[in-house]
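These notes concern the structure reproduced below.
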Amino acid sequence: MSVFAIETKGLTKLHSKNRGCRNITLQVQKGSVFGFLGPNGAGKSTFVRTLLSLIHPTEGEGYILGHSIREIAARNRVGYLPELFRYPDWLTGRQLLDLHGDLCNLSHRVKKKRIDKLIDRVGLAGRGDEKIKGYSKGMQQRIGLASALLSDPEVIFLDEPTSALDPIGRKEVRDLICELRDAGKTVFLNSHLLSEAETICSHIGIINHGKLIVQGKKQDLSSIHSQVLITLVGKEEAWWKSAPSWLTHCEKRQREGGRTTWVVTLNHLDNVPDLVSYLAEKGLAVYQVTPQAPMLEDIFMYWVNRKGDEKV
Amino acid sequence: MIAIMKLTMREILYKRIFHVILILTSIFLITYAIGTYYVDHDLDVSNGMDPLTKPFLSTQLLGMGLYFAAFIVSLLAIFSSVGSISKEIESKQIDPILSRPLSRSSFIWGRFIGMSILLAVYAFFLFLCITMINQWLGGGLKVVVSGMQLLSALALFVFQPILLVAISLALSARFSSLNCGITMVMLYVLGMISGFIEQIGAMAKSTTMINIGIISSLIFPLDSLFRKMTIFLFDSADDPLSFATQGIFGSMSVPSNAMLIYAVIYGLVALAIAMQIFAKRDV
C-alpha cells in the first residue's frame, strides 16, 4: 500500500496556448496538509481538476490512495471543494447534501446524521432548509465545504476554500483544516493566499508558469536563507565589511541606547558560532543572537524567483 | 445513476418551461375538446353526411390533435434536454458531481432515464387525453379503434420524445446549449417540413419529393414515427378504403417497419455517441 495519499509522475495537462500544468511529479504523504501554492494562473486548479478526472491529462500518471486517477475508485474516498463553487440553486442546502450523499452511496441513516452534523459544523445551523439561491457567496462556499466532507473522505481537495469568506469564516476554515489534520486526513490546499497556508500546512509545493518549482516539508523549504538577528555594542560600525564569505548580507535594523540591532544573512545556520567568534575578535559585545524563521511569503518569493526546478 | 436520474426529474419539474408547457397543454386540451364537440354538433354528422367524408373528417380531427400534442411533447423534450450536459459544464455545476465516484456513462444514463421517464409519462397522458376527448366528445366523428391499435400508436407516440432526448444528449455532450438548441429545433423543423413534402409528393406522385422526404427521415426520423403512428391508429384491415393514408395528418407515403427499427438504432447510436463524447471531454 502506498504511503502517499497523492502521487503524480510527469502529470501534464496543456490547454490552448500551452497553458496548464506540465510534467508535475509530486508526492503528498498521508495525513499531511499540503499547500499547493502559486500565483494566479500558475496551473494549480488545472492540476487538481486533472487529478479528479474532470479534465484528462495530456501525459503522465496520477494516483490517489494507490488508485490511478483514470479509475473511478480513485474518487471513492475523496472530497472536493472547487474554486468556482456552483450548485443547483433551486435545491436547499440540505437537499444538495442529500444528493451528494446518494452519489457517495451513503445509507439513509448515515447520510442524515452527517448532514445534520456538517450543516452545523460549517456554520449554517438553521439555514440548511433554505434554497441555495438565497445564500450569500460565503454561505455557498460553506455548503460546498460541507459537501466536500460529507463522505468522510480520506483526501480532501480544497481549491481556494476561503475566497468568499470573511475573516471569521477564514479562521473557522483554518480550524476545520487543523481538525481534519488531527483526524489523520490528507488535505490538499490550493491557494494563492500565503497567510492561509502559513499556519496550517506541513508540506508545500510551489508552482509557477505550470511547472512545479519545489516541494517538500515546510521546515525544509524554510532554510532558503539563514537570517540572524544580532544586537551589538561597539564602536566599529562597518564591522561586517571585512567579514568572511559565509556572511552574505548585513543590514542595520535599529539603534537604541548604544545598542545596535542588525539582521545578518549567513550561508547556513551552522555559521552562527563562526559569527559569534568573529564578533568577539572584532571586540564587539554581543547581547543577542536570534535565528530568524522566514515567513512563507519569503519562502514563496525565493522559490518563485529562483530559476530551475529543485527538490528538497 | 439513480441519484442523477432523481436530480434530473426534480430539475425538469422545477423548471419554469415545464410549468408553462403544462398551462399551454391545459389550454390546448380545452380548446381541442371544445372544437371536437362543436365540429360534431355543427356538422350534424349523424344525418346525411357523405359516407366518405365522415371517416376522413374523423381521422383528420384526431390526427390534428395528436400532431399538435406531439409538437408540444417534442418542444418540451428539446428544451428540457438541450442544456442537460452543456449547461452543467458551462455553469461548472458538474464539477462537484463528477468528482464523486460516478462514471461519465452513468451520468448520461441518469440524465437519459430521468428525462425519458418524465417525458414518457407526460406523452402518455397527453395521448390518452386526446383520444379520450375524441371518444367522448367526438360523437359521430369518433374514430373506431381497437385496444391493440391504441397501444401500438401510444408506444410510438411515447417513443418520440425519448428519441429526441437521446439525440439532444449527443449534441449537448459536444456543443454549447445555444448551438445544441438551435440544431435540435432546425432538425425538428426539417423533419416536420420534409414529412409534409413527402406526403404531398405521394399525393402528386412525385418520386423526387418522396425521396427528399425519405432522405430527411433518415437524417432525422421523428416525422416517420408520427406517420407510422397514424397508420397504426387509423388503418383498419376490414376497411377497403384506408383513411389513414389521407389528408395532411395522414400518411400517404407509409413508413416501413424497417424505418421503425432504424429509428430505434438511431436513438441507441445517439446515446452511445453521447457517452463516447462525454467520456473524452474535459469539463
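Following the order of the C-alpha cells, first chain is A, next is B, and so on, with residues numbered from 1 inside each chain and ligands from 1 in the order they appear.
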TODO: Could you give me, as a ChimeraX atom specification, the residues within 8 Å of range 276-280 of chain B, counting only C-alpha atoms and dropping anything in the same chain fewer than 2 positions from it?
DONE: /A:56 /B:104-105,170,173-174,272-274,282
TODO: From a DSSP calculation on the backbone, collect every residue of range 108-220 of chain A in strand (DSSP E) and output the set as JSON, numbers by chain.
DONE: {"A": [155, 156, 157, 158, 159, 186, 187, 188, 189, 190, 191, 203, 204, 205, 206, 207, 208, 211, 212, 213, 214, 215, 216, 217]}
Dump as an mmCIF file, in the first residue's frame, selection limited to N, CA and C atoms:
```cif
data_model
loop_
_atom_site.group_PDB
_atom_site.id
_atom_site.type_symbol
_atom_site.label_atom_id
_atom_site.label_comp_id
_atom_site.auth_asym_id
_atom_site.auth_seq_id
_atom_site.Cartn_x
_atom_site.Cartn_y
_atom_site.Cartn_z
ATOM 1 N N VAL A 155 -9.011 11.930 1.554
ATOM 2 C CA VAL A 155 -8.263 13.011 0.910
ATOM 3 C C VAL A 155 -9.245 14.127 0.554
ATOM 4 N N ILE A 156 -8.915 15.338 0.955
ATOM 5 C CA ILE A 156 -9.813 16.460 0.700
ATOM 6 C C ILE A 156 -9.075 17.514 -0.115
ATOM 7 N N PHE A 157 -9.613 17.815 -1.282
ATOM 8 C CA PHE A 157 -9.045 18.864 -2.130
ATOM 9 C C PHE A 157 -9.830 20.159 -1.875
ATOM 10 N N LEU A 158 -9.136 21.163 -1.430
ATOM 11 C CA LEU A 158 -9.786 22.449 -1.190
ATOM 12 C C LEU A 158 -9.126 23.492 -2.091
ATOM 13 N N ASP A 159 -9.893 23.950 -3.072
ATOM 14 C CA ASP A 159 -9.342 24.911 -4.030
ATOM 15 C C ASP A 159 -9.787 26.315 -3.636
ATOM 16 N N THR A 186 -5.854 13.691 4.830
ATOM 17 C CA THR A 186 -4.899 14.412 3.992
ATOM 18 C C THR A 186 -5.639 15.584 3.348
ATOM 19 N N VAL A 187 -5.085 16.762 3.499
ATOM 20 C CA VAL A 187 -5.734 17.942 2.911
ATOM 21 C C VAL A 187 -4.796 18.516 1.854
ATOM 22 N N PHE A 188 -5.329 18.659 0.651
ATOM 23 C CA PHE A 188 -4.564 19.281 -0.434
ATOM 24 C C PHE A 188 -5.151 20.671 -0.626
ATOM 25 N N LEU A 189 -4.415 21.653 -0.185
ATOM 26 C CA LEU A 189 -4.935 23.026 -0.166
ATOM 27 C C LEU A 189 -4.331 23.830 -1.307
ATOM 28 N N ASN A 190 -5.192 24.213 -2.222
ATOM 29 C CA ASN A 190 -4.769 25.062 -3.341
ATOM 30 C C ASN A 190 -4.979 26.505 -2.938
ATOM 31 N N SER A 191 -3.950 27.285 -2.984
ATOM 32 C CA SER A 191 -4.185 28.666 -2.571
ATOM 33 C C SER A 191 -3.123 29.612 -3.124
ATOM 34 N N HIS A 203 3.399 20.555 4.595
ATOM 35 C CA HIS A 203 4.182 20.375 3.366
ATOM 36 C C HIS A 203 3.746 21.421 2.342
ATOM 37 N N ILE A 204 4.670 21.719 1.454
ATOM 38 C CA ILE A 204 4.382 22.768 0.471
ATOM 39 C C ILE A 204 4.910 22.375 -0.901
ATOM 40 N N GLY A 205 4.127 22.734 -1.905
ATOM 41 C CA GLY A 205 4.607 22.643 -3.292
ATOM 42 C C GLY A 205 4.373 24.000 -3.913
ATOM 43 N N ILE A 206 5.338 24.455 -4.670
ATOM 44 C CA ILE A 206 5.176 25.775 -5.301
ATOM 45 C C ILE A 206 5.188 25.602 -6.810
ATOM 46 N N ILE A 207 4.173 26.133 -7.432
ATOM 47 C CA ILE A 207 4.032 26.005 -8.879
ATOM 48 C C ILE A 207 4.036 27.402 -9.494
ATOM 49 N N ASN A 208 4.696 27.515 -10.629
ATOM 50 C CA ASN A 208 4.711 28.795 -11.344
ATOM 51 C C ASN A 208 4.803 28.514 -12.840
ATOM 52 N N LYS A 211 4.767 24.899 -13.954
ATOM 53 C CA LYS A 211 5.815 23.953 -13.549
ATOM 54 C C LYS A 211 5.955 23.931 -12.039
ATOM 55 N N LEU A 212 6.134 22.721 -11.514
ATOM 56 C CA LEU A 212 6.377 22.595 -10.081
ATOM 57 C C LEU A 212 7.819 23.014 -9.817
ATOM 58 N N ILE A 213 7.965 24.053 -9.015
ATOM 59 C CA ILE A 213 9.314 24.570 -8.782
ATOM 60 C C ILE A 213 9.994 23.789 -7.662
ATOM 61 N N VAL A 214 9.225 23.554 -6.612
ATOM 62 C CA VAL A 214 9.811 22.876 -5.459
ATOM 63 C C VAL A 214 8.699 22.236 -4.636
ATOM 64 N N GLN A 215 9.045 21.180 -3.912
ATOM 65 C CA GLN A 215 8.090 20.588 -2.980
ATOM 66 C C GLN A 215 8.857 19.998 -1.820
ATOM 67 N N GLY A 216 8.212 19.936 -0.686
ATOM 68 C CA GLY A 216 8.865 19.336 0.474
ATOM 69 C C GLY A 216 8.219 19.796 1.756
ATOM 70 N N LYS A 217 8.861 19.426 2.890
ATOM 71 C CA LYS A 217 8.347 19.857 4.190
ATOM 72 C C LYS A 217 8.557 21.360 4.309
#
```
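The nearest approach to chain A among the residues B:Ile94, B:Ile231, B:Ala155, B:Leu137, with only C-alpha atoms taken into account, belongs to B:Ile94.
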Within 7 Å of chain A, which residues of chain B come that close, and what is the closest atom pair and distance in Å for each? Count only C-alpha atoms and give it as JSON lines.
```
{"residue": "B:Ala3", "atom": "CA", "partner": "A:Asp102", "partner_atom": "CA", "distance": 5.8}
{"residue": "B:Ser91", "atom": "CA", "partner": "A:Arg86", "partner_atom": "CA", "distance": 7.0}
{"residue": "B:Lys92", "atom": "CA", "partner": "A:Arg86", "partner_atom": "CA", "distance": 6.1}
{"residue": "B:Gln93", "atom": "CA", "partner": "A:Arg86", "partner_atom": "CA", "distance": 5.0}
{"residue": "B:Asp95", "atom": "CA", "partner": "A:Leu54", "partner_atom": "CA", "distance": 6.8}
{"residue": "B:Pro96", "atom": "CA", "partner": "A:Tyr80", "partner_atom": "CA", "distance": 6.7}
{"residue": "B:Leu98", "atom": "CA", "partner": "A:Leu54", "partner_atom": "CA", "distance": 6.8}
{"residue": "B:Ser99", "atom": "CA", "partner": "A:Leu52", "partner_atom": "CA", "distance": 5.8}
{"residue": "B:Arg100", "atom": "CA", "partner": "A:Arg75", "partner_atom": "CA", "distance": 5.8}
{"residue": "B:Pro101", "atom": "CA", "partner": "A:Arg75", "partner_atom": "CA", "distance": 5.0}
{"residue": "B:Leu102", "atom": "CA", "partner": "A:Ile72", "partner_atom": "CA", "distance": 6.6}
{"residue": "B:Ser103", "atom": "CA", "partner": "A:Ile72", "partner_atom": "CA", "distance": 6.6}
{"residue": "B:Asp282", "atom": "CA", "partner": "A:Ile55", "partner_atom": "CA", "distance": 4.3}
{"residue": "B:Val283", "atom": "CA", "partner": "A:Leu54", "partner_atom": "CA", "distance": 5.6}
```
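The residue set within 6 Å of Thr8 in chain A, counting only C-alpha atoms and dropping same-chain residues fewer than 5 places from it, reads A:Thr25, A:Leu26, A:Glu61, A:Gly62.
When only C-alpha atoms are used to measure the gap to Leu7 in chain B, the shortest distance among B:Gly114, B:Pro221, B:Gly63, B:Pro55 belongs to B:Gly114.
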Task: Long-range neighbours of Asp298 in chain A as a ChimeraX atom specification, 12 Å cut-off, only C-alpha atoms, 5 positions minimum in chain - done: /A:194-195,198,221-227,292-293,303-306
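The environment of Leu76 in chain B within 8 Å, counting only C-alpha atoms and disregarding residues fewer than 5 places along the same chain, consists of Ile17, Phe18, Ile21 and Leu119 of chain B.
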DSSP on the backbone, then: every residue of range 34-187 of chain A marked alpha helix (DSSP H), written as a compact mmCIF listing (two decimals) with N, CA, C and O atoms, in the first residue's frame.
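File selection.txt, as written:
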```
# COMPACT_ATOMS: atom_id res chain seq x y z
N LYS A 44 -2.57 25.73 -10.75
CA LYS A 44 -2.96 24.98 -9.54
C LYS A 44 -4.29 24.25 -9.74
O LYS A 44 -4.39 23.05 -9.50
N SER A 45 -5.29 24.99 -10.19
CA SER A 45 -6.62 24.37 -10.36
C SER A 45 -6.61 23.34 -11.47
O SER A 45 -7.26 22.29 -11.36
N THR A 46 -5.83 23.60 -12.53
CA THR A 46 -5.72 22.63 -13.63
C THR A 46 -5.19 21.31 -13.09
O THR A 46 -5.69 20.23 -13.43
N PHE A 47 -4.20 21.40 -12.21
CA PHE A 47 -3.60 20.20 -11.63
C PHE A 47 -4.64 19.40 -10.81
O PHE A 47 -4.78 18.19 -10.99
N VAL A 48 -5.37 20.12 -9.97
CA VAL A 48 -6.38 19.44 -9.14
C VAL A 48 -7.49 18.85 -10.00
O VAL A 48 -7.92 17.71 -9.79
N ARG A 49 -7.93 19.60 -10.99
CA ARG A 49 -9.01 19.11 -11.86
C ARG A 49 -8.55 17.90 -12.67
O ARG A 49 -9.35 17.02 -12.98
N THR A 50 -7.26 17.86 -12.98
CA THR A 50 -6.73 16.68 -13.69
C THR A 50 -6.71 15.47 -12.74
O THR A 50 -7.07 14.36 -13.14
N LEU A 51 -6.32 15.72 -11.50
CA LEU A 51 -6.30 14.62 -10.52
C LEU A 51 -7.69 14.03 -10.33
O LEU A 51 -7.85 12.84 -10.11
N GLY A 93 -29.86 23.74 0.88
CA GLY A 93 -28.56 23.24 1.29
C GLY A 93 -28.64 21.77 1.68
O GLY A 93 -27.79 20.96 1.31
N ARG A 94 -29.69 21.43 2.41
CA ARG A 94 -29.85 20.04 2.88
C ARG A 94 -30.08 19.10 1.69
O ARG A 94 -29.53 18.00 1.64
N GLN A 95 -30.88 19.56 0.71
CA GLN A 95 -31.13 18.71 -0.48
C GLN A 95 -29.85 18.48 -1.27
O GLN A 95 -29.63 17.40 -1.83
N LEU A 96 -29.00 19.51 -1.32
CA LEU A 96 -27.72 19.37 -2.04
C LEU A 96 -26.87 18.28 -1.37
O LEU A 96 -26.31 17.41 -2.04
N LEU A 97 -26.81 18.35 -0.05
CA LEU A 97 -26.01 17.36 0.68
C LEU A 97 -26.63 15.96 0.54
O LEU A 97 -25.91 14.96 0.45
N ASP A 98 -27.96 15.92 0.51
CA ASP A 98 -28.65 14.65 0.31
C ASP A 98 -28.28 14.04 -1.05
O ASP A 98 -28.01 12.84 -1.15
N LEU A 99 -28.25 14.90 -2.07
CA LEU A 99 -27.86 14.44 -3.42
C LEU A 99 -26.44 13.87 -3.40
O LEU A 99 -26.19 12.78 -3.92
N HIS A 100 -25.53 14.60 -2.77
CA HIS A 100 -24.13 14.14 -2.74
C HIS A 100 -23.99 12.89 -1.87
O HIS A 100 -23.12 12.06 -2.13
N GLY A 101 -24.84 12.78 -0.86
CA GLY A 101 -24.85 11.55 -0.06
C GLY A 101 -25.23 10.36 -0.92
O GLY A 101 -24.63 9.28 -0.82
N ASP A 102 -26.22 10.57 -1.79
CA ASP A 102 -26.62 9.49 -2.72
C ASP A 102 -25.50 9.17 -3.70
O ASP A 102 -25.25 8.01 -4.01
N LEU A 103 -24.82 10.21 -4.18
CA LEU A 103 -23.73 9.99 -5.13
C LEU A 103 -22.58 9.21 -4.48
O LEU A 103 -21.83 8.52 -5.16
N HIS A 108 -29.14 5.84 4.28
CA HIS A 108 -30.03 6.94 4.69
C HIS A 108 -29.70 7.43 6.10
O HIS A 108 -29.65 8.63 6.37
N ARG A 109 -29.43 6.46 6.98
CA ARG A 109 -29.17 6.82 8.38
C ARG A 109 -27.86 7.61 8.52
O ARG A 109 -27.82 8.66 9.15
N VAL A 110 -26.82 7.09 7.87
CA VAL A 110 -25.50 7.76 7.94
C VAL A 110 -25.59 9.14 7.31
O VAL A 110 -25.07 10.13 7.85
N LYS A 111 -26.30 9.19 6.19
CA LYS A 111 -26.43 10.45 5.44
C LYS A 111 -27.09 11.52 6.31
O LYS A 111 -26.59 12.64 6.44
N LYS A 112 -28.19 11.16 6.93
CA LYS A 112 -28.94 12.14 7.73
C LYS A 112 -28.09 12.65 8.91
O LYS A 112 -28.03 13.84 9.17
N LYS A 113 -27.40 11.69 9.54
CA LYS A 113 -26.59 12.05 10.71
C LYS A 113 -25.47 13.02 10.30
O LYS A 113 -25.26 14.05 10.95
N ARG A 114 -24.81 12.68 9.18
CA ARG A 114 -23.67 13.52 8.74
C ARG A 114 -24.15 14.89 8.25
O ARG A 114 -23.48 15.90 8.47
N ILE A 115 -25.28 14.90 7.57
CA ILE A 115 -25.80 16.18 7.05
C ILE A 115 -26.09 17.13 8.21
O ILE A 115 -25.67 18.29 8.20
N ASP A 116 -26.79 16.62 9.21
CA ASP A 116 -27.11 17.47 10.37
C ASP A 116 -25.84 18.00 11.03
O ASP A 116 -25.73 19.18 11.36
N LYS A 117 -24.86 17.10 11.17
CA LYS A 117 -23.62 17.47 11.85
C LYS A 117 -22.84 18.52 11.03
O LYS A 117 -22.34 19.52 11.57
N LEU A 118 -22.77 18.28 9.71
CA LEU A 118 -21.94 19.16 8.87
C LEU A 118 -22.57 20.53 8.67
O LEU A 118 -21.87 21.54 8.62
N ILE A 119 -23.91 20.56 8.57
CA ILE A 119 -24.57 21.86 8.42
C ILE A 119 -24.23 22.72 9.64
O ILE A 119 -23.95 23.92 9.52
N ASP A 120 -24.24 22.09 10.76
CA ASP A 120 -23.91 22.78 12.00
C ASP A 120 -22.42 23.17 12.01
O ASP A 120 -22.06 24.29 12.35
N ARG A 121 -21.57 22.23 11.57
CA ARG A 121 -20.12 22.43 11.65
C ARG A 121 -19.64 23.58 10.77
O ARG A 121 -18.71 24.28 11.11
N LYS A 137 -22.48 34.41 -1.05
CA LYS A 137 -21.32 33.68 -1.60
C LYS A 137 -20.63 32.86 -0.52
O LYS A 137 -20.25 31.72 -0.73
N GLY A 138 -20.48 33.49 0.64
CA GLY A 138 -19.80 32.82 1.74
C GLY A 138 -20.57 31.58 2.18
O GLY A 138 -19.98 30.54 2.47
N MET A 139 -21.91 31.71 2.24
CA MET A 139 -22.73 30.56 2.65
C MET A 139 -22.64 29.44 1.61
O MET A 139 -22.64 28.26 1.95
N GLN A 140 -22.57 29.84 0.34
CA GLN A 140 -22.44 28.81 -0.71
C GLN A 140 -21.11 28.07 -0.57
O GLN A 140 -21.03 26.87 -0.79
N GLN A 141 -20.07 28.83 -0.20
CA GLN A 141 -18.77 28.18 -0.02
C GLN A 141 -18.81 27.25 1.20
O GLN A 141 -18.21 26.17 1.18
N ARG A 142 -19.55 27.66 2.20
CA ARG A 142 -19.68 26.81 3.39
C ARG A 142 -20.42 25.51 3.07
O ARG A 142 -20.03 24.44 3.51
N ILE A 143 -21.51 25.62 2.30
CA ILE A 143 -22.26 24.40 1.97
C ILE A 143 -21.41 23.51 1.05
O ILE A 143 -21.49 22.28 1.11
N GLY A 144 -20.57 24.15 0.23
CA GLY A 144 -19.65 23.40 -0.63
C GLY A 144 -18.64 22.64 0.21
O GLY A 144 -18.29 21.49 -0.09
N LEU A 145 -18.20 23.26 1.28
CA LEU A 145 -17.25 22.63 2.19
C LEU A 145 -17.91 21.42 2.88
O LEU A 145 -17.31 20.35 3.00
N ALA A 146 -19.16 21.63 3.29
CA ALA A 146 -19.91 20.52 3.92
C ALA A 146 -20.06 19.36 2.93
O ALA A 146 -19.91 18.20 3.30
N SER A 147 -20.32 19.71 1.67
CA SER A 147 -20.48 18.69 0.64
C SER A 147 -19.17 17.91 0.44
O SER A 147 -19.18 16.69 0.28
N ALA A 148 -18.05 18.65 0.48
CA ALA A 148 -16.74 18.01 0.30
C ALA A 148 -16.44 17.03 1.43
O ALA A 148 -15.76 16.03 1.23
N LEU A 149 -16.96 17.32 2.62
CA LEU A 149 -16.63 16.49 3.78
C LEU A 149 -17.68 15.40 4.06
O LEU A 149 -17.50 14.58 4.96
N PRO A 167 -13.18 37.38 7.54
CA PRO A 167 -12.07 36.94 8.41
C PRO A 167 -12.47 35.87 9.43
O PRO A 167 -11.70 34.95 9.70
N ILE A 168 -13.70 35.98 9.95
CA ILE A 168 -14.14 34.98 10.93
C ILE A 168 -14.29 33.62 10.22
O ILE A 168 -13.85 32.59 10.73
N GLY A 169 -14.89 33.66 9.05
CA GLY A 169 -15.06 32.43 8.27
C GLY A 169 -13.73 31.80 7.93
O GLY A 169 -13.58 30.58 7.96
N ARG A 170 -12.74 32.63 7.59
CA ARG A 170 -11.40 32.11 7.25
C ARG A 170 -10.78 31.40 8.44
O ARG A 170 -10.19 30.35 8.31
N LYS A 171 -10.96 32.02 9.59
CA LYS A 171 -10.41 31.42 10.82
C LYS A 171 -11.09 30.07 11.07
O LYS A 171 -10.43 29.08 11.43
N GLU A 172 -12.41 30.03 10.86
CA GLU A 172 -13.16 28.79 11.09
C GLU A 172 -12.69 27.68 10.15
O GLU A 172 -12.56 26.53 10.55
N VAL A 173 -12.42 28.07 8.89
CA VAL A 173 -11.95 27.07 7.93
C VAL A 173 -10.56 26.58 8.31
O VAL A 173 -10.27 25.38 8.22
N ARG A 174 -9.72 27.49 8.75
CA ARG A 174 -8.37 27.09 9.18
C ARG A 174 -8.48 26.10 10.34
O ARG A 174 -7.79 25.08 10.37
N ASP A 175 -9.37 26.40 11.29
CA ASP A 175 -9.56 25.49 12.43
C ASP A 175 -10.07 24.13 11.95
O ASP A 175 -9.65 23.09 12.46
N LEU A 176 -10.96 24.18 10.97
CA LEU A 176 -11.53 22.93 10.44
C LEU A 176 -10.44 22.09 9.78
O LEU A 176 -10.38 20.86 9.97
N ILE A 177 -9.56 22.74 9.03
CA ILE A 177 -8.46 22.01 8.37
C ILE A 177 -7.55 21.39 9.42
O ILE A 177 -7.10 20.25 9.29
N CYS A 178 -7.30 22.12 10.50
CA CYS A 178 -6.47 21.57 11.58
C CYS A 178 -7.16 20.35 12.20
O CYS A 178 -6.49 19.36 12.51
N GLU A 179 -8.48 20.44 12.36
CA GLU A 179 -9.24 19.28 12.90
C GLU A 179 -9.08 18.07 11.97
O GLU A 179 -8.90 16.94 12.44
N LEU A 180 -9.17 18.33 10.67
CA LEU A 180 -9.05 17.24 9.70
C LEU A 180 -7.66 16.62 9.78
O LEU A 180 -7.50 15.40 9.73
N ARG A 181 -6.65 17.49 9.89
CA ARG A 181 -5.27 17.01 10.01
C ARG A 181 -5.12 16.14 11.27
O ARG A 181 -4.55 15.06 11.21
N ASP A 182 -5.70 16.61 12.37
CA ASP A 182 -5.61 15.85 13.62
C ASP A 182 -6.34 14.52 13.52
O ASP A 182 -6.01 13.57 14.24
```
TODO: In Å, rounded to a single decimal, give me how far CA of Gly191 in chain B is from CA of Asp235 in chain B.
DONE: 22.9 Å
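Distance check against Met115 in chain B using only C-alpha atoms: of B:Ser146, B:Asn179, B:Asn211, B:Thr8, the minimum falls on B:Thr8.
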- [ ] Compile the contact shell of range 259-264 of chain B as an MDAnalysis selection string: residues with an atom at most 12 Å away, counting only C-alpha atoms, same-chain residues fewer than 2 positions apart removed.
- [x] chainID B and resid 155:156 159:160 162:164 166:167 214:215 217:229 254:257 266:271
